[in-house]
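upload26.cif (mmCIF, C-alpha atoms) appears below.
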data_query
loop_
_atom_site.label_atom_id
_atom_site.label_comp_id
_atom_site.auth_asym_id
_atom_site.auth_seq_id
_atom_site.Cartn_x
_atom_site.Cartn_y
_atom_site.Cartn_z
CA MET A 1 -24.34 -20.04 -25.22
CA ALA A 2 -28.09 -19.55 -24.79
CA LYS A 3 -29.65 -20.74 -21.54
CA ALA A 4 -32.84 -22.78 -21.18
CA GLU A 5 -35.82 -21.21 -19.40
CA LEU A 6 -36.14 -22.26 -15.78
CA SER A 7 -38.59 -24.91 -14.65
CA PRO A 8 -41.15 -23.99 -11.95
CA GLU A 9 -39.13 -25.99 -9.43
CA GLN A 10 -35.94 -24.08 -10.27
CA LEU A 11 -37.79 -20.79 -9.99
CA LEU A 12 -39.24 -21.66 -6.60
CA LYS A 13 -35.78 -22.66 -5.37
CA ILE A 14 -34.35 -19.25 -6.40
CA ILE A 15 -37.27 -17.35 -4.86
CA PHE A 16 -37.10 -19.20 -1.54
CA GLU A 17 -33.32 -18.95 -1.37
CA TYR A 18 -33.20 -15.20 -1.96
CA THR A 19 -36.27 -14.20 0.06
CA ALA A 20 -34.78 -16.01 3.06
CA LYS A 21 -31.45 -14.21 2.61
CA ILE A 22 -33.09 -10.80 2.15
CA ALA A 23 -35.30 -11.30 5.21
CA GLY A 24 -32.19 -11.84 7.35
CA GLU A 25 -30.29 -8.76 6.13
CA ASN A 26 -30.13 -5.30 7.73
CA ASN A 27 -27.36 -3.89 5.56
CA LEU A 28 -28.71 -1.78 2.69
CA ASN A 29 -25.98 -2.56 0.19
CA SER A 30 -26.22 -6.30 0.91
CA VAL A 31 -29.98 -6.24 0.28
CA LEU A 32 -29.47 -4.38 -3.00
CA ILE A 33 -26.92 -6.97 -4.14
CA LEU A 34 -29.28 -9.83 -3.23
CA MET A 35 -32.12 -8.10 -5.09
CA ALA A 36 -30.00 -7.68 -8.21
CA ASN A 37 -28.83 -11.29 -8.11
CA MET A 38 -32.38 -12.60 -7.56
CA GLY A 39 -33.71 -10.62 -10.53
CA ARG A 40 -30.90 -11.72 -12.83
CA GLU A 41 -31.30 -15.40 -11.96
CA MET A 42 -35.11 -15.41 -12.11
CA ILE A 43 -35.40 -14.07 -15.66
CA LEU A 44 -32.01 -15.16 -17.01
CA SER A 45 -30.70 -11.70 -17.87
CA ASP A 46 -27.06 -10.80 -18.36
CA ARG A 47 -27.26 -7.95 -15.87
CA CYS A 48 -29.74 -6.68 -13.34
CA THR A 49 -29.69 -3.26 -11.75
CA VAL A 50 -31.56 -1.87 -8.76
CA TRP A 51 -32.26 1.85 -9.12
CA LEU A 52 -33.21 4.14 -6.24
CA ILE A 53 -34.53 7.70 -6.17
CA ASP A 54 -32.39 10.53 -4.76
CA ASP A 55 -35.06 13.14 -3.98
CA VAL A 56 -32.53 15.74 -2.84
CA ARG A 57 -30.48 15.74 -6.04
CA LYS A 58 -33.45 14.91 -8.32
CA GLU A 59 -31.56 11.92 -9.69
CA LEU A 60 -31.87 8.18 -10.07
CA TYR A 61 -28.84 6.19 -9.00
CA THR A 62 -27.64 2.64 -8.71
CA THR A 63 -24.93 1.43 -6.37
CA VAL A 64 -25.49 -2.15 -7.53
CA ALA A 65 -25.19 -2.80 -11.23
CA HIS A 66 -23.54 -6.00 -12.41
CA GLY A 67 -20.21 -5.14 -13.96
CA VAL A 68 -20.19 -1.38 -13.31
CA LYS A 69 -19.80 1.09 -10.46
CA GLU A 70 -22.35 3.70 -9.36
CA ILE A 71 -24.32 5.36 -12.14
CA ARG A 72 -26.42 8.51 -11.71
CA ILE A 73 -28.87 9.94 -14.21
CA PRO A 74 -31.27 12.91 -14.05
CA TYR A 75 -34.70 11.98 -12.71
CA GLY A 76 -37.10 11.15 -15.54
CA THR A 77 -34.46 10.22 -18.12
CA GLY A 78 -33.74 6.88 -19.77
CA PHE A 79 -35.91 3.77 -19.67
CA VAL A 80 -35.80 3.59 -15.88
CA GLY A 81 -36.76 7.25 -15.47
CA SER A 82 -39.65 6.87 -17.89
CA SER A 83 -40.88 3.75 -16.06
CA ILE A 84 -40.65 5.36 -12.61
CA MET A 85 -42.43 8.54 -13.74
CA SER A 86 -45.28 6.64 -15.38
CA GLY A 87 -45.42 3.97 -12.70
CA GLU A 88 -45.64 1.37 -15.48
CA PRO A 89 -43.20 -1.42 -16.40
CA LEU A 90 -41.41 -1.38 -19.76
CA ILE A 91 -40.30 -4.15 -22.09
CA ILE A 92 -37.91 -3.03 -24.85
CA LYS A 93 -36.79 -5.49 -27.56
CA ASP A 94 -34.14 -3.26 -29.14
CA ALA A 95 -32.84 -0.41 -27.00
CA TYR A 96 -31.06 1.39 -29.86
CA ASN A 97 -34.33 1.87 -31.75
CA ASP A 98 -35.84 3.73 -28.80
CA PRO A 99 -35.06 7.45 -28.24
CA ARG A 100 -35.22 7.00 -24.45
CA HIS A 101 -32.08 4.84 -24.43
CA ASN A 102 -29.11 6.58 -22.82
CA ARG A 103 -26.24 5.53 -25.08
CA ASP A 104 -23.69 7.46 -23.01
CA ASN A 105 -23.67 4.75 -20.34
CA ASP A 106 -22.93 2.10 -22.98
CA ILE A 107 -20.13 4.23 -24.43
CA ARG A 108 -18.67 4.80 -20.96
CA THR A 109 -18.82 1.13 -19.93
CA GLY A 110 -18.15 -0.49 -23.30
CA TYR A 111 -21.33 -2.54 -22.94
CA HIS A 112 -23.96 -3.08 -25.65
CA THR A 113 -27.54 -2.87 -24.39
CA LYS A 114 -30.07 -4.73 -26.54
CA SER A 115 -33.18 -5.91 -24.69
CA VAL A 116 -34.40 -4.19 -21.52
CA ILE A 117 -37.10 -4.77 -18.92
CA THR A 118 -37.85 -2.23 -16.18
CA VAL A 119 -40.26 -2.70 -13.25
CA PRO A 120 -40.90 0.02 -10.62
CA PHE A 121 -41.25 -1.09 -7.00
CA THR A 122 -43.11 0.56 -4.13
CA ASN A 123 -42.93 0.86 -0.35
CA ASN A 124 -45.70 -0.19 2.04
CA ASP A 125 -47.61 3.03 1.31
CA GLY A 126 -47.65 2.32 -2.41
CA GLU A 127 -45.11 5.07 -3.22
CA ILE A 128 -42.55 4.26 -5.91
CA ILE A 129 -39.07 4.20 -4.33
CA GLY A 130 -37.06 2.66 -7.17
CA ALA A 131 -37.03 0.16 -10.01
CA TYR A 132 -35.60 -3.14 -11.15
CA GLN A 133 -33.94 -3.07 -14.54
CA ALA A 134 -32.70 -6.20 -16.30
CA ILE A 135 -30.62 -6.04 -19.48
CA ASN A 136 -30.02 -8.53 -22.32
CA LYS A 137 -31.99 -11.79 -22.16
CA MET A 138 -29.64 -14.80 -22.20
CA THR A 139 -31.99 -17.41 -23.72
CA GLU A 140 -32.49 -18.42 -27.35
CA VAL A 141 -35.34 -15.93 -27.55
CA ASP A 142 -33.07 -12.92 -26.95
CA TYR A 143 -35.68 -10.50 -25.65
CA PHE A 144 -37.85 -10.28 -22.54
CA THR A 145 -41.42 -11.57 -22.51
CA THR A 146 -44.59 -10.99 -20.49
CA ARG A 147 -43.61 -14.03 -18.40
CA ASP A 148 -40.36 -12.26 -17.47
CA LEU A 149 -42.42 -9.20 -16.58
CA GLU A 150 -44.61 -11.27 -14.25
CA LEU A 151 -41.57 -12.82 -12.56
CA LEU A 152 -39.68 -9.55 -12.15
CA SER A 153 -42.85 -7.87 -10.86
CA LEU A 154 -43.15 -10.63 -8.25
CA ALA A 155 -39.54 -10.03 -7.19
CA ALA A 156 -40.09 -6.26 -7.15
CA SER A 157 -43.22 -6.56 -5.01
CA TYR A 158 -41.40 -8.53 -2.32
CA ALA A 159 -38.02 -6.82 -2.53
CA GLY A 160 -39.44 -3.27 -2.49
CA LYS A 161 -41.19 -3.86 0.85
CA SER A 162 -38.06 -5.47 2.34
CA LEU A 163 -35.89 -2.67 1.03
CA GLU A 164 -38.02 -0.05 2.75
CA SER A 165 -37.62 -1.71 6.16
CA VAL A 166 -33.85 -1.90 5.67
CA MET A 167 -33.72 1.76 4.60
CA LEU A 168 -35.66 2.72 7.73
CA HIS A 169 -33.29 0.64 9.84
CA GLN A 170 -30.33 2.37 8.19
CA GLU A 171 -31.91 5.76 8.85
CA ILE A 172 -32.25 4.89 12.54
CA ILE A 173 -28.60 3.77 12.67
CA ASN A 174 -27.48 6.99 10.93
CA THR A 175 -29.52 9.07 13.37
CA GLN A 176 -28.03 7.21 16.35
CA ARG A 177 -24.54 7.74 14.93
CA GLU A 178 -25.17 11.47 14.45
CA ILE A 179 -26.53 11.91 18.00
CA ILE A 180 -23.64 9.97 19.55
CA SER A 181 -21.06 11.87 17.51
CA THR A 182 -22.63 15.19 18.56
CA MET A 183 -22.66 14.12 22.22
CA GLY A 184 -19.01 13.11 21.91
CA GLU A 185 -18.16 16.51 20.47
CA VAL A 186 -19.58 18.19 23.59
CA GLY A 187 -16.81 16.68 25.72
CA GLU A 188 -14.16 17.65 23.20
CA ILE A 189 -15.32 21.24 22.76
CA ARG A 190 -15.11 21.79 26.52
CA SER A 191 -11.51 20.61 26.47
CA LYS A 192 -10.68 22.87 23.51
CA GLU A 193 -10.66 19.97 21.07
CA THR A 194 -12.55 20.07 17.79
CA GLY A 195 -15.51 18.03 16.62
CA ASN A 196 -13.30 16.52 13.95
CA HIS A 197 -11.22 14.82 16.65
CA VAL A 198 -14.04 12.41 17.49
CA LYS A 199 -14.83 11.90 13.80
CA ARG A 200 -11.21 10.99 13.05
CA VAL A 201 -10.92 8.66 16.05
CA ALA A 202 -14.12 6.92 14.91
CA GLU A 203 -12.77 6.41 11.36
CA TYR A 204 -9.32 5.29 12.56
CA SER A 205 -10.96 2.79 14.91
CA TYR A 206 -13.06 1.39 12.07
CA VAL A 207 -10.03 0.87 9.81
CA LEU A 208 -8.02 -0.75 12.62
CA ALA A 209 -10.92 -3.05 13.56
CA LEU A 210 -11.29 -4.26 9.97
CA GLY A 211 -7.51 -4.67 9.70
CA LEU A 212 -7.61 -6.93 12.76
CA GLY A 213 -10.16 -9.11 10.99
CA LEU A 214 -13.25 -8.10 12.97
CA PRO A 215 -16.59 -8.60 11.19
CA ILE A 216 -17.88 -5.44 9.54
CA GLU A 217 -20.79 -5.30 12.01
CA GLN A 218 -18.37 -5.14 14.95
CA ALA A 219 -16.22 -2.54 13.19
CA GLU A 220 -19.34 -0.45 12.52
CA LEU A 221 -20.40 -0.80 16.17
CA LEU A 222 -17.02 0.50 17.33
CA ARG A 223 -17.04 3.35 14.80
CA THR A 224 -20.45 4.46 16.08
CA ALA A 225 -19.58 4.12 19.79
CA SER A 226 -16.03 5.51 19.85
CA PRO A 227 -16.96 9.23 19.61
CA MET A 228 -18.20 8.86 23.20
CA HIS A 229 -14.75 7.92 24.54
CA ASP A 230 -14.29 11.26 26.34
CA ILE A 231 -17.92 11.98 27.22
CA GLY A 232 -16.95 11.93 30.92
CA LYS A 233 -15.11 15.24 30.38
CA VAL A 234 -18.47 17.02 30.61
CA ALA A 235 -18.21 16.62 34.40
CA ILE A 236 -14.62 17.92 34.75
CA PRO A 237 -14.39 21.58 35.96
CA ASP A 238 -13.16 24.03 33.30
CA ALA A 239 -10.43 25.30 35.64
CA VAL A 240 -8.86 21.83 35.60
CA LEU A 241 -9.78 20.73 32.09
CA ASN A 242 -8.30 23.82 30.44
CA LYS A 243 -5.55 24.73 32.89
CA PRO A 244 -2.67 26.14 30.81
CA GLY A 245 0.14 25.13 33.19
CA LYS A 246 1.26 21.84 34.70
CA LEU A 247 -1.41 19.92 36.58
CA THR A 248 -1.00 19.00 40.24
CA GLU A 249 -1.31 15.33 41.16
CA GLU A 250 -4.80 15.99 42.51
CA GLU A 251 -5.83 17.78 39.31
CA HIS A 252 -4.43 14.94 37.24
CA ASP A 253 -6.60 12.50 39.22
CA ILE A 254 -9.64 14.68 38.49
CA ILE A 255 -8.85 14.51 34.76
CA LYS A 256 -8.43 10.73 34.98
CA SER A 257 -11.88 10.43 36.53
CA HIS A 258 -13.48 11.19 33.13
CA THR A 259 -13.09 7.49 32.27
CA LYS A 260 -15.15 6.32 35.27
CA ILE A 261 -17.68 9.14 34.83
CA GLY A 262 -18.19 8.19 31.16
CA TYR A 263 -18.66 4.56 32.12
CA GLN A 264 -21.19 5.44 34.83
CA LEU A 265 -23.14 7.63 32.39
CA LEU A 266 -23.51 4.92 29.78
CA ARG A 267 -23.32 1.52 31.45
CA GLY A 268 -26.99 1.20 32.47
CA SER A 269 -28.36 1.20 28.93
CA LYS A 270 -30.02 -1.85 27.41
CA ARG A 271 -28.76 -0.77 23.99
CA GLU A 272 -25.66 -2.60 22.72
CA LEU A 273 -24.44 0.65 21.19
CA LEU A 274 -24.36 2.56 24.48
CA ARG A 275 -22.99 -0.41 26.42
CA THR A 276 -20.16 -0.52 23.89
CA ALA A 277 -19.62 3.22 24.32
CA ALA A 278 -19.42 2.64 28.11
CA ILE A 279 -16.60 0.10 27.63
CA VAL A 280 -14.67 2.44 25.32
CA ALA A 281 -15.15 5.41 27.67
CA GLU A 282 -13.82 3.42 30.63
CA GLN A 283 -10.94 1.53 29.03
CA HIS A 284 -9.35 3.71 26.33
CA HIS A 285 -6.62 4.91 28.75
CA GLU A 286 -5.68 1.44 29.95
CA LYS A 287 -2.25 0.22 28.82
CA TRP A 288 -1.16 -3.19 27.54
CA ASP A 289 1.48 -3.49 30.30
CA GLY A 290 -1.00 -2.66 33.10
CA THR A 291 0.24 0.87 33.90
CA GLY A 292 -2.82 2.69 32.56
CA TYR A 293 -5.98 3.94 34.29
CA PRO A 294 -8.59 3.79 35.81
CA SER A 295 -8.23 0.10 36.75
CA GLY A 296 -4.71 -0.94 35.70
CA ARG A 297 -6.08 -3.64 33.41
CA LYS A 298 -3.44 -5.58 31.51
CA GLY A 299 -3.17 -7.26 28.11
CA GLU A 300 -6.34 -8.97 26.93
CA ASP A 301 -8.13 -8.03 30.16
CA ILE A 302 -8.57 -4.69 28.39
CA HIS A 303 -11.51 -4.98 26.00
CA LEU A 304 -10.40 -5.08 22.37
CA PHE A 305 -12.48 -1.97 21.61
CA GLY A 306 -10.64 -0.10 24.37
CA ARG A 307 -7.27 -1.22 22.97
CA ILE A 308 -8.19 -0.12 19.43
CA THR A 309 -9.52 3.26 20.56
CA ALA A 310 -6.34 3.85 22.59
CA VAL A 311 -4.23 3.63 19.43
CA ALA A 312 -6.67 5.77 17.40
CA ASP A 313 -6.95 8.42 20.14
CA VAL A 314 -3.19 8.76 20.73
CA PHE A 315 -2.47 8.87 17.00
CA ASP A 316 -4.92 11.74 16.59
CA ALA A 317 -3.74 13.59 19.71
CA LEU A 318 -0.11 13.51 18.52
CA SER A 319 -1.05 14.40 14.92
CA ALA A 320 -3.05 17.49 15.85
CA GLU A 321 -1.75 20.97 16.52
CA ARG A 322 -2.99 22.48 19.76
CA VAL A 323 -2.45 25.76 21.61
CA TYR A 324 -0.11 23.99 24.02
CA LYS A 325 1.83 21.91 21.44
CA ALA A 326 2.76 21.59 17.79
CA ALA A 327 1.65 18.60 15.72
CA TRP A 328 4.23 15.81 15.81
CA PRO A 329 5.85 14.88 12.48
CA LEU A 330 4.88 11.43 11.24
CA ASP A 331 8.30 9.85 11.75
CA ARG A 332 8.27 10.87 15.43
CA ILE A 333 4.80 9.33 15.88
CA GLU A 334 5.96 6.13 14.15
CA ASN A 335 9.00 5.90 16.43
CA LEU A 336 6.85 6.35 19.54
CA PHE A 337 4.40 3.65 18.41
CA ARG A 338 7.29 1.24 17.80
CA GLU A 339 8.66 1.99 21.29
CA GLU A 340 5.24 1.58 22.91
CA ARG A 341 4.39 -1.66 21.09
CA GLY A 342 3.84 -4.14 23.92
CA ARG A 343 4.00 -1.38 26.56
CA HIS A 344 1.20 1.14 26.05
CA PHE A 345 -0.33 -0.61 23.04
CA ASP A 346 -1.42 -4.09 21.99
CA PRO A 347 1.35 -5.33 19.63
CA ALA A 348 -1.17 -6.80 17.15
CA ILE A 349 -2.95 -3.44 16.83
CA ILE A 350 0.33 -1.60 16.28
CA ASP A 351 1.18 -4.05 13.49
CA VAL A 352 -2.19 -3.30 11.87
CA PHE A 353 -1.62 0.43 12.45
CA PHE A 354 1.54 0.37 10.30
CA GLN A 355 -0.14 -1.88 7.73
CA GLU A 356 -3.12 0.49 7.39
CA LEU A 357 -1.19 3.75 7.82
CA PRO A 358 -1.88 5.03 4.27
CA LYS A 359 -5.66 4.77 4.92
CA LEU A 360 -5.27 6.50 8.29
CA LEU A 361 -3.33 9.36 6.71
CA GLU A 362 -6.00 9.75 4.02
CA ILE A 363 -8.65 10.05 6.78
CA ARG A 364 -6.48 12.56 8.65
CA GLU A 365 -6.17 14.66 5.50
CA ARG A 366 -9.87 14.45 4.66
CA LEU A 367 -11.02 15.35 8.18
CA THR A 368 -8.34 17.93 8.94
CA ASP A 369 -9.32 20.81 11.23
CA PRO A 370 -9.92 24.24 9.71
CA PRO A 371 -7.13 26.60 10.88
CA GLU A 372 -9.47 28.75 12.97
CA GLN A 373 -10.49 25.69 15.01
CA HIS A 374 -7.01 24.88 16.29
CA GLY A 375 -6.86 25.14 20.04
#

Give the structure from the file, written as structure tokens.
Amino acid sequence: MAKAELSPEQLLKIIFEYTAKIAGENNLNSVLILMANMGREMILSDRCTVWLIDDVRKELYTTVAHGVKEIRIPYGTGFVGSSIMSGEPLIIKDAYNDPRHNRDNDIRTGYHTKSVITVPFTNNDGEIIGAYQAINKMTEVDYFTTRDLELLSLAASYAGKSLESVMLHQEIINTQREIISTMGEVGEIRSKETGNHVKRVAEYSYVLALGLGLPIEQAELLRTASPMHDIGKVAIPDAVLNKPGKLTEEEHDIIKSHTKIGYQLLRGSKRELLRTAAIVAEQHHEKWDGTGYPSGRKGEDIHLFGRITAVADVFDALSAERVYKAAWPLDRIENLFREERGRHFDPAIIDVFFQELPKLLEIRERLTDPPEQHG
């Protein structure tokens, strides 16, 4: 059934609602979804897509297209490519009568594209960074008009600027994550671990956090901070850290001190990320029953991030082959975790561990160590 054009009051309501939501978002994918929804509602299209430019691969791609998954096309192709290259918007009444239409996408998705409107958007420097594309007008007049172009251009002008700030924020987060992961690897390399150990522990921790019902922001925070769990090992002498034989009690105490050293290194930061890393570094060897170190914390006195990382770290340590031990088979690891539920580990996290085990095994497989790195 055809829809009626929106009144000015309805339009204003949509604009205010979505601009407020976009202004409060730092997650790139969430902003893209809001942009697509705003465009679709403003001009009453069936679908709205937000396209971005991938300079490295010389492609245009969309991660947000109503009804379909990611689509990638060569830069400069299709209606959107033509619009981005020229810097001019396009209004197409009948896509199939235009040679620029990429019919392959319709064939692949089973969707029939008729009317199309495409509007490029720019960053604060006026550089085109992507485009809005709306498909199939849902009113009685079944094609897009100059009024639709004005409205979508208004949305593009606002959303493009907001998108740039979110992309910059995401770039900063990615850079922080890369630096922290690299710093975490320093501690592992000195103890003959591999860089993939900290990557796997980070991914396991993320899956477990989400499985426990933590908000995605908290799960992301833990994933970014957890590679620093053994950063304190940088201060442990090589003779102790890599001693092939049995450690003396004094040497074992020196090893244990990496938790306090890591905490001392990180605790003074004003950044939430590094304060979180300090907690994980200090508490990932504490045990649910109070027999862990360095402080003998018990139960929920151990920070949840410390409890999650403990499970992730032990799972990876047992799964990995090392010079001094073979990798444990999965059934042996499962038996140990069942035995240690309520002793070493938080029972709730162990329950989630078994629930999410297929995902954890997929991560283990994907981030497996190359043979030459063992030991």

(message) What's the separation between CA of Gly87 (chain A) and CA of Ala156 (chain A), in Å to one decimal place?
(response) 12.8 Å

(message) Which residues, named as in the file, does the PyMOL selection byres ((chain A and resi 218) around 12) pick out? Answer as a VMD selection string.
(response) chain A and resid 205 to 210 212 to 217 219 to 226 272 to 273 276 304 to 305

(message) Given the PyMOL selection byres ((chain A and resi 164) around 12) and the file above, list the residues it selects as a ChimeraX atom specification.
(response) /A:22-23,26-28,31-32,52,121-130,156-163,165-171

(request) Skip Phe144 (chain A) itself and residues of its chain fewer than 3 positions away, then list as a ChimeraX atom specification all residues within 12 Å of it, counting only C-alpha atoms. (result) /A:5,42-46,90-95,114-118,133-141,147-152

May I have the selected residues written with C-alpha atoms, as a short mmCIF file (atom, residue, chain, number, x, y, z; two decimals), in the frame of the given file?
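For reference, again.cif as written:
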data_model
loop_
_atom_site.label_atom_id
_atom_site.label_comp_id
_atom_site.auth_asym_id
_atom_site.auth_seq_id
_atom_site.Cartn_x
_atom_site.Cartn_y
_atom_site.Cartn_z
CA GLU A 5 -35.82 -21.21 -19.40
CA MET A 42 -35.11 -15.41 -12.11
CA ILE A 43 -35.40 -14.07 -15.66
CA LEU A 44 -32.01 -15.16 -17.01
CA SER A 45 -30.70 -11.70 -17.87
CA ASP A 46 -27.06 -10.80 -18.36
CA LEU A 90 -41.41 -1.38 -19.76
CA ILE A 91 -40.30 -4.15 -22.09
CA ILE A 92 -37.91 -3.03 -24.85
CA LYS A 93 -36.79 -5.49 -27.56
CA ASP A 94 -34.14 -3.26 -29.14
CA ALA A 95 -32.84 -0.41 -27.00
CA LYS A 114 -30.07 -4.73 -26.54
CA SER A 115 -33.18 -5.91 -24.69
CA VAL A 116 -34.40 -4.19 -21.52
CA ILE A 117 -37.10 -4.77 -18.92
CA THR A 118 -37.85 -2.23 -16.18
CA GLN A 133 -33.94 -3.07 -14.54
CA ALA A 134 -32.70 -6.20 -16.30
CA ILE A 135 -30.62 -6.04 -19.48
CA ASN A 136 -30.02 -8.53 -22.32
CA LYS A 137 -31.99 -11.79 -22.16
CA MET A 138 -29.64 -14.80 -22.20
CA THR A 139 -31.99 -17.41 -23.72
CA GLU A 140 -32.49 -18.42 -27.35
CA VAL A 141 -35.34 -15.93 -27.55
CA ARG A 147 -43.61 -14.03 -18.40
CA ASP A 148 -40.36 -12.26 -17.47
CA LEU A 149 -42.42 -9.20 -16.58
CA GLU A 150 -44.61 -11.27 -14.25
CA LEU A 151 -41.57 -12.82 -12.56
CA LEU A 152 -39.68 -9.55 -12.15
#

(request) Take CA of Ala310 (chain A) and CA of Leu274 (chain A) and report the distance between them in Å, one decimal. (result)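 CA of Leu274 (chain A) lies 18.2 Å from CA of Ala310 (chain A).
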
(request) Name the residues that the PyMOL selection byres ((chain A and resi 264) around 12) pulls out of this structure, and write them as an MDAnalysis selection string. (result) chainID A and resid 231:232 235 257:263 265:269 274:275 277:282

(request) Pick out the residues sitting within 9 Å of region 71-76 of chain A, and hand them over as a list of chain:residue names; count all atoms listed in the file, and ignore anything fewer than 3 positions along from it in its own chain. (result)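 Residues meeting the cut-off are A:Ile53, A:Asp54, A:Asp55, A:Arg57, A:Lys58, A:Glu59, A:Leu60, A:Tyr61, A:Thr62, A:Thr63, A:Val64, A:Ala65, A:Val68, A:Phe79, A:Val80, A:Gly81, A:Ser82, A:Ser83, A:Ile84, A:Met85, A:Asn105.
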
(request) Work out how far CA of Asn335 (chain A) is from CA of Trp288 (chain A), in Å to one decimal. (result)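 Pair CA of Trp288 (chain A) / CA of Asn335 (chain A) returns 17.6 Å.
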
(message) Taking only C-alpha atoms into account, name the residue in A:Glu251, A:Asp316, A:Asp104, A:Asp142 that is nearest to Ala202 (chain A).
(response)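 Distance minimum relative to Ala202 (chain A) lands on A:Asp316.
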
(request) Fewer than 6 positions away in the same chain doesn't count, so skip those; otherwise give me all residues within 12 Å of Pro329 (chain A), counting only C-alpha atoms, as a ChimeraX atom specification. (result) /A:315-316,318-321,335-336

(request) Quick one: everything within 7 Å of Ala36 (chain A), counting all atoms listed in the file, minus sequence neighbours fewer than 6 positions away in the same chain. Send it as a list in words. (result)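 Result of the neighbour search: Cys48, Thr49 and Val50 of chain A.
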
(request) Identify which of the residues A:Ala155, A:Glu25, A:Pro99, A:Asp238 lies closest to Glu41 (chain A), counting all atoms listed in the file when measuring atom-to-atom distances. (result)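 Ranked by minimum distance to Glu41 (chain A), first place goes to A:Ala155.
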
(request) Choose the residue, out of A:Pro227, A:Pro237, A:Pro244, A:Pro120, that has the smallest atom-to-atom separation from Thr309 (chain A); count only C-alpha atoms. (result)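 Closest residue, counting only C-alpha atoms: A:Pro227.
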
(request) Select all residues near (-27.7, 4.5, -21.8) (cut-off 10 Å, inclusive, file coordinates), counting only C-alpha atoms, and output them as a list in words. (result)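 Protein, DNA and RNA residues close to (-27.7, 4.5, -21.8): Ile73, Thr77, Gly78, Phe79, Ala95, Tyr96, Arg100, His101, Asn102, Arg103, Asp104, Asn105, Asp106, Ile107, Arg108, Thr109, Tyr111, His112 and Thr113 of chain A.
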
(message) Measuring between all atoms listed in the file, which one of A:Asp313, A:Glu70, A:Glu250, A:Asp369 shows the shortest distance to His229 (chain A)?
(response)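 Of A:Asp313, A:Glu70, A:Glu250, A:Asp369, the one nearest His229 (chain A), counting all atoms listed in the file, is A:Asp313.
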
(request) Write out as a list in words each polymer residue whose atoms come within 8 Å of region 357-367 of chain A, counting only C-alpha atoms; drop sequence neighbours fewer than 4 positions from it. (result)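 In the requested format, the answer is Asn196, Lys199, Arg200, Glu203, Tyr204, Val207 and Phe353 of chain A.
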